[in-house]
Every structure is written in C-alpha cells, then in structure tokens.
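**Q** Take a look at this one; I'll ask things after.
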Amino acid sequence: MKDLSAAKDLATMEISNRLFFRFFQAANTLHTKGTQALDEFGVTTQQWSVLGALSRPKVKEGMGIGELSRFLLVSRQNLSGILTRLERDGLIERATSAEDRRSVKVRLSPKGEELWVKLADPIHDFYDQALKGFSFDDRLQFIHYVSLLQRNMARL
C-alpha cells in the first residue's frame with residue numbers, strides 16, 4: 001500500500017508553489033495593466049496606491065510618512081521616491097504636523113484631490129475588468145483569503 005501521507009504532502013507543496021507563483025504573476029500584471037489603465041494621467045500603480053491612501057476622509061489632514069509606509073506595507077525608502085515625484089508634480093503637500101512640530105505629514109494637494117476624482121472612473125473600470133467573473137460573494141471571500149495570507153506572511 002502506498003504512503004498516502006507522502007503523496008498528499010507532495011501535492012500540497014505543488015499546489016502551494018503554483019499558488020505563490022500565481023500571486024507573483026498577478027502582482028506583476030497588476031503593476032503593468034494598472035499603470036496602463038491610468039497611462040493618460042501619467043500615474044503608476046505605486047502612485048495610485050499613495051493617492052488612494054491619502055484620499056481617505058479620515059486622513060484628510062495628512063498622514064505621517066511612517067504611518068503611510070506601514071499602511072501601504074512598503075519601506076520608507078521606496079515610499080520616499082514616490083512622494084518626491086508626487087510632490088514635484090504638485091499632487092501632494094508636505095506639512096509640519098500640528099501635534100508634533102518635529103513630524104512631517106503628507107496630504108493630497110488641491111491638484112491631487114482633483115486628479116483623484118478624475119481617476120475614479122478609470123480605476124473602477126479596471127476593477128470591473130480585472131474581477132470579471134467574480135460574484136460579489138467571490139470578492140468577499142477573496143478579500144478574506146488574501147487578508148489571511150497577508151497576516152500569516154506578516155508573522156514570518
């Protein structure tokens with residue numbers, strides 16, 4: 001009789017490998033196709049994520065750079081270059097924090113807020129195309145599983 005446990009372990013490793021490779025491919029495709037979706041606006045997916053994070057009503061007055069870095073799960077070094085380009089283009093502003101004069105907050109500028117409004121339809125069109133075939137319930141389950149995976153990886 002064959003050792004079914006060993007076969008199951010091998011199958012689990014193969015499925016895990018395929019799953020993580022698909023995530024890698026999906027992330028690369030997201031960057032490429034997401035940037036293409038906003039090409040007419042000159043916005044990359046990295047810039048899109050920063051603009052989106054800063055567009056939330058609860059951070060209207062801005063976010064500290066460390067706070068933004070943790071929210072986006074990117075290093076401060078990677079975030080620094082993105083913020084410099086967004087500031088150069090007049091889409092964000094840096095200001096000294098009212099709570100702590102040693103701290104700098106970043107927020108959308110009026111031009112950044114205007115751009116964010118213009119990006120809404122192309123972003124939602126991108127989402128609709130990318131999630132074609134996913135029901136509402138599929139999308140909720142997908143959020144659940146991706147969130148669980150992210151939490152597990154954060155603990156590594």
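Residues are named by chain letter and number: chains run A, B, ... in the order of the structure tokens, numbers start at 1 in each chain, and ligands are numbered from 1 in the order shown.
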Write out as a list in words each polymer residue whose atoms come within 10 Å of range 119-130 of chain A, counting only C-alpha atoms; drop sequence neighbours fewer than 5 positions from it.

**A** Leu30, Lys33, Gly34, Gln36, Ala37, Leu38, Phe41, Val43, Trp48, Leu51, Gly52, Glu113 and Glu114 of chain A

**Q** Once DSSP has gone over the backbone, tell me which residues of chain A are in strand (DSSP E or B), as a ChimeraX atom specification.

**A** /A:63-64,92-96,104-108

**Q** Using only C-alpha atoms, find the one residue out of A:Arg22, A:Leu131, A:Asp3, A:Gln47 that sits nearest to Thr84 in chain A.

**A**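 Smallest distance to Thr84 in chain A is found for A:Gln47.
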
**Q** Can you work out which one of A:Leu140, A:Leu149, A:Ile92, A:Leu54 has the shortest atom-to-atom distance to Ser69 in chain A, counting only C-alpha atoms?

**A**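 Of A:Leu140, A:Leu149, A:Ile92, A:Leu54, the one nearest Ser69 in chain A, counting only C-alpha atoms, is A:Leu54.
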
**Q** Between CA of Lys58 in chain A and CA of Glu87 in chain A, what is the spacing in Å?

**A**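 Separating CA of Glu87 in chain A from CA of Lys58 in chain A is a distance of 20.8 Å.
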
**Q** To one decimal in Å, tell me the separation between CA of Val106 in chain A and CA of Gly64 in chain A.

**A**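 Between CA of Val106 in chain A and CA of Gly64 in chain A the gap is 6.4 Å.
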
**Q** Of the residues A:Val146, A:Gly81, A:Gly66, A:Asp9, which is the one nearest to Ser103 in chain A, using only C-alpha atoms?

**A**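 Of all the options, A:Gly66 lies closest to Ser103 in chain A.
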
**Q** Return the single residue from A:Leu73, A:Val104, A:Leu115, A:Leu4 that is closest to Asp89 in chain A, with distances computed using only C-alpha atoms.

**A** A:Leu115

**Q** Kindly indicate which residue among A:Arg155, A:His31, A:Arg107, A:Lys132 lies nearest to Met63 in chain A, using only C-alpha atoms for the distances.

**A**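 Result for the nearest residue to Met63 in chain A: A:Arg107.
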
**Q** So how many Å separate CA of Phe142 in chain A and CA of Phe20 in chain A, to one decimal?

**A** 14.8 Å

**Q** Can you list, as a ChimeraX atom specification, all residues belonging to chain A that DSSP tags as helix (DSSP H, G or I)?

**A** /A:4-37,39-41,45-54,57-59,65-72,76-88,110-130,136-154

**Q** Measuring between only C-alpha atoms, which one of A:Ile82, A:Ile15, A:Ala27, A:Met153 shows the shortest distance to Ser49 in chain A?

**A** A:Ile82
